[in-house]
Amino acid sequence: MDQAQADRLIEFTCNLCGNSNKRRVGELRREQSSCLACGSTVRTRGVLRALSLELFGTNLTVPDFPQLKSLRGIGTSDEPQYASRLAEKFDYRNTFYDRPPRFDIAHPNEAECGQYDFMISSEVFEHVPPPAEAAFANAYRLLKPNGVLVLTVPYSIEDRSLEHFPELYDYSVTWAGAHSVLVNRTREGLLQVFDNLVFHADPGARAGGAPLELREFSEHDLTAMLTGVGFQEVRVHGESFEPFGIVWPEPWSLPIAARKGTYALSLDSAREIMEQWTKLQADLDRMRLVVDSFQRAAWMRLGRALRLIGGGGRLK
């Protein structure tokens, strides 16, 4: 991106909260807050645009999503900027991989399999223990036959993924002085120690800390893993969409949607949409009657003021 492009000013609507913003293109970074109202980033807006396209086939802001409580979804570490808004629209709950309310995608509850129309996973699969394919297979199992997974992970456009600890088995993160180290015992009993660990947030206190990056995917391997566990269609939502302030500065780590099957709204969801449409039409009809009545009254007052209409409401 050259300087002229970076300095170009665009006006956009945040698709999380509906607020209008003006930003220079160079300020639109993947993880940098760029909505003055809710603090959304290019990544979070990209995730919600991908969800809108996958659920409704068009670009809607979250405030314009229809309220469909028959549509069931689960978030794994979703941002609070949009998690509460999705809960107002759908039968949706947000969870976390590393803290309560905790949801372990590596070991999901069997009772939840086949229960979700959509799943959103924000920066989670790079933290799950190997093999990563097992976590993707669990996501597939959790979805209904026509469900969709929308996810983001850090990934490169290299040929192969990079597994930081390929023999990870029985491990823990501990501290050696001021530095954290990972101590692992392989399946064969070999003891391994790794330093220079990468966390995706400030590790904070020594007890607990932030999730550890276990791998960096490549786009090629990531799509191959998703199709390998059964997803029929995998789409990288890499196109920019300036009306929502989505301008991708790099061609990697983009939102991805993996479809389990051809999407179709359930009869309950279709019924809810039609009920809302019918109510909207009725509200518009009532509004038209009010406007017509107001306009007639305004013309009557103007006619009397100009003495064009007599006291009985008839033209002179």
# chains A, B, ... in the order shown; residues from 1 in each chain; ligands from 1
$ closest_atom_pairs --of "segment 19-113 of chain A" --to "segment 244-260 of chain A" --cutoff "7 Å" --atoms "only C-alpha atoms" --output "tab-separated table"
residue	atom	partner	partner_atom	distance
A:Leu28	CA	A:Val247	CA	6.5
A:Arg29	CA	A:Pro249	CA	6.6
A:Val42	CA	A:Ile246	CA	5.3
A:Arg45	CA	A:Ile246	CA	6.7
A:Gly46	CA	A:Ile246	CA	6.3
A:Val47	CA	A:Pro255	CA	5.8
$ residues_around --residues "segment 117-123 of chain A" --least-positions-apart "4" --cutoff "7 Å" --atoms "only C-alpha atoms" --output "JSON, numbers by chain"
{"A": [71, 72, 73, 74, 75, 76, 77, 78, 143, 144, 147, 148, 149, 150, 151, 152, 153]}
$ residues_around --residues "Asp2 of chain A" --least-positions-apart "3" --cutoff "12 Å" --atoms "only C-alpha atoms" --output "VMD selection string"
chain A and resid 5 to 8 25 to 26 249
$ select_by_dssp --residues "segment 10-216 of chain A" --states "helix (DSSP H, G or I)" --output "PyMOL selection string"
chain A and resi 25-27+42-56+62-64+80-89+110-112+132-142
$ write_last_selection --atoms "C-alpha atoms" --output "mmCIF file, in the first residue's frame"
data_model
loop_
_atom_site.group_PDB
_atom_site.id
_atom_site.type_symbol
_atom_site.label_atom_id
_atom_site.label_comp_id
_atom_site.auth_asym_id
_atom_site.auth_seq_id
_atom_site.Cartn_x
_atom_site.Cartn_y
_atom_site.Cartn_z
ATOM 1 C CA VAL A 25 -7.118 3.600 5.120
ATOM 2 C CA GLY A 26 -3.723 3.312 6.802
ATOM 3 C CA GLU A 27 -5.426 3.369 10.205
ATOM 4 C CA VAL A 42 -11.000 -4.811 10.910
ATOM 5 C CA ARG A 43 -10.878 -8.448 12.076
ATOM 6 C CA THR A 44 -14.031 -8.299 14.206
ATOM 7 C CA ARG A 45 -15.941 -6.468 11.468
ATOM 8 C CA GLY A 46 -14.679 -9.033 8.971
ATOM 9 C CA VAL A 47 -15.890 -11.922 11.143
ATOM 10 C CA LEU A 48 -19.389 -10.455 11.446
ATOM 11 C CA ARG A 49 -19.560 -9.665 7.730
ATOM 12 C CA ALA A 50 -18.635 -13.283 6.981
ATOM 13 C CA LEU A 51 -21.364 -14.453 9.376
ATOM 14 C CA SER A 52 -23.929 -12.185 7.694
ATOM 15 C CA LEU A 53 -23.038 -13.510 4.244
ATOM 16 C CA GLU A 54 -23.135 -17.124 5.417
ATOM 17 C CA LEU A 55 -26.445 -16.816 7.256
ATOM 18 C CA PHE A 56 -28.364 -14.351 5.082
ATOM 19 C CA VAL A 62 -25.676 -6.691 13.350
ATOM 20 C CA PRO A 63 -28.405 -4.179 14.387
ATOM 21 C CA ASP A 64 -30.183 -5.091 11.125
ATOM 22 C CA PRO A 80 -17.722 -8.586 23.943
ATOM 23 C CA GLN A 81 -18.317 -5.877 21.305
ATOM 24 C CA TYR A 82 -20.542 -8.262 19.384
ATOM 25 C CA ALA A 83 -21.220 -11.223 21.687
ATOM 26 C CA SER A 84 -23.963 -9.411 23.615
ATOM 27 C CA ARG A 85 -25.531 -8.181 20.363
ATOM 28 C CA LEU A 86 -25.627 -11.687 18.905
ATOM 29 C CA ALA A 87 -27.287 -12.939 22.104
ATOM 30 C CA GLU A 88 -30.092 -10.419 21.509
ATOM 31 C CA LYS A 89 -30.646 -11.732 17.965
ATOM 32 C CA GLU A 110 -21.307 -35.215 23.431
ATOM 33 C CA ALA A 111 -24.797 -33.925 24.237
ATOM 34 C CA GLU A 112 -24.018 -30.742 22.271
ATOM 35 C CA ALA A 132 -5.355 -29.562 15.342
ATOM 36 C CA GLU A 133 -7.443 -31.738 13.025
ATOM 37 C CA ALA A 134 -9.130 -33.281 16.083
ATOM 38 C CA ALA A 135 -10.466 -29.863 17.176
ATOM 39 C CA PHE A 136 -11.735 -29.137 13.644
ATOM 40 C CA ALA A 137 -13.457 -32.535 13.627
ATOM 41 C CA ASN A 138 -15.170 -31.633 16.902
ATOM 42 C CA ALA A 139 -16.393 -28.346 15.422
ATOM 43 C CA TYR A 140 -17.836 -30.320 12.513
ATOM 44 C CA ARG A 141 -19.616 -32.691 14.909
ATOM 45 C CA LEU A 142 -21.098 -29.824 16.959
#
$ select_by_dssp --residues "segment 59-283 of chain A" --states "strand (DSSP E)" --output "MDAnalysis selection string"
chainID A and resid 68:76 90:95 116:122 143:152 155:156 162:163 170:176 179:185 191:194 215:218 233:236 256:259
$ closest_residue --among "A:Gly261, A:Cys14, A:Asn59, A:Ala106" --to "Phe231 of chain A" --atoms "only C-alpha atoms"
A:Gly261
$ residues_around --residues "segment 212-228 of chain A" --least-positions-apart "5" --cutoff "7 Å" --atoms "only C-alpha atoms" --output "JSON, numbers by chain"
{"A": [126, 127, 133, 136, 154, 155, 156, 157, 158, 159, 160, 161, 162, 163, 164, 165, 198, 199, 200, 234]}
$ write_last_selection --atoms "N, CA and C atoms" --output "short mmCIF file (atom, residue, chain, number, x, y, z; two decimals), in the first residue's frame"
data_model
loop_
_atom_site.label_atom_id
_atom_site.label_comp_id
_atom_site.auth_asym_id
_atom_site.auth_seq_id
_atom_site.Cartn_x
_atom_site.Cartn_y
_atom_site.Cartn_z
N GLU A 126 -5.25 -22.07 17.17
CA GLU A 126 -3.79 -22.08 17.28
C GLU A 126 -3.32 -22.45 18.69
N HIS A 127 -4.28 -22.55 19.63
CA HIS A 127 -3.92 -22.85 21.02
C HIS A 127 -4.26 -24.28 21.44
N GLU A 133 -6.34 -31.15 13.77
CA GLU A 133 -7.44 -31.74 13.03
C GLU A 133 -8.53 -32.28 13.96
N PHE A 136 -10.89 -29.45 14.79
CA PHE A 136 -11.73 -29.14 13.64
C PHE A 136 -12.82 -30.21 13.47
N PRO A 154 -4.28 -16.89 13.33
CA PRO A 154 -3.10 -16.37 12.62
C PRO A 154 -2.62 -17.43 11.62
N TYR A 155 -2.49 -17.04 10.37
CA TYR A 155 -1.93 -18.00 9.41
C TYR A 155 -1.09 -17.25 8.39
N SER A 156 -0.20 -18.01 7.77
CA SER A 156 0.70 -17.45 6.76
C SER A 156 0.24 -17.94 5.39
N ILE A 157 0.90 -17.43 4.36
CA ILE A 157 0.64 -17.93 3.01
C ILE A 157 1.81 -18.81 2.55
N GLU A 158 2.56 -19.33 3.52
CA GLU A 158 3.62 -20.29 3.21
C GLU A 158 3.00 -21.63 2.82
N ASP A 159 3.84 -22.56 2.37
CA ASP A 159 3.34 -23.85 1.91
C ASP A 159 2.87 -24.74 3.05
N ARG A 160 3.53 -24.65 4.21
CA ARG A 160 3.24 -25.56 5.29
C ARG A 160 3.02 -24.81 6.60
N SER A 161 2.20 -25.42 7.49
CA SER A 161 2.02 -24.88 8.83
C SER A 161 3.27 -25.14 9.66
N LEU A 162 3.41 -24.35 10.73
CA LEU A 162 4.55 -24.49 11.61
C LEU A 162 4.04 -24.92 12.98
N GLU A 163 4.30 -26.17 13.35
CA GLU A 163 3.93 -26.70 14.67
C GLU A 163 5.11 -26.43 15.60
N HIS A 164 4.88 -25.57 16.62
CA HIS A 164 5.99 -25.18 17.49
C HIS A 164 6.48 -26.33 18.36
N PHE A 165 5.57 -27.19 18.77
CA PHE A 165 5.93 -28.28 19.68
C PHE A 165 5.32 -29.58 19.14
N VAL A 198 5.46 -17.82 22.77
CA VAL A 198 4.64 -16.74 22.22
C VAL A 198 3.24 -16.85 22.84
N PHE A 199 2.82 -15.78 23.52
CA PHE A 199 1.46 -15.70 24.06
C PHE A 199 0.69 -14.67 23.26
N HIS A 200 -0.63 -14.84 23.20
CA HIS A 200 -1.44 -13.92 22.41
C HIS A 200 -2.05 -12.80 23.23
N VAL A 234 -15.16 -24.55 1.87
CA VAL A 234 -14.33 -23.67 2.69
C VAL A 234 -14.05 -22.41 1.89
#
$ closest_residue --among "A:Ala210, A:Val181, A:Pro66, A:Pro129" --to "Arg99 of chain A" --atoms "only C-alpha atoms"
A:Ala210
$ atom_distance --atom1 "atom CA of Ile273 of chain A" --atom2 "atom CA of Thr41 of chain A"
29.5 Å
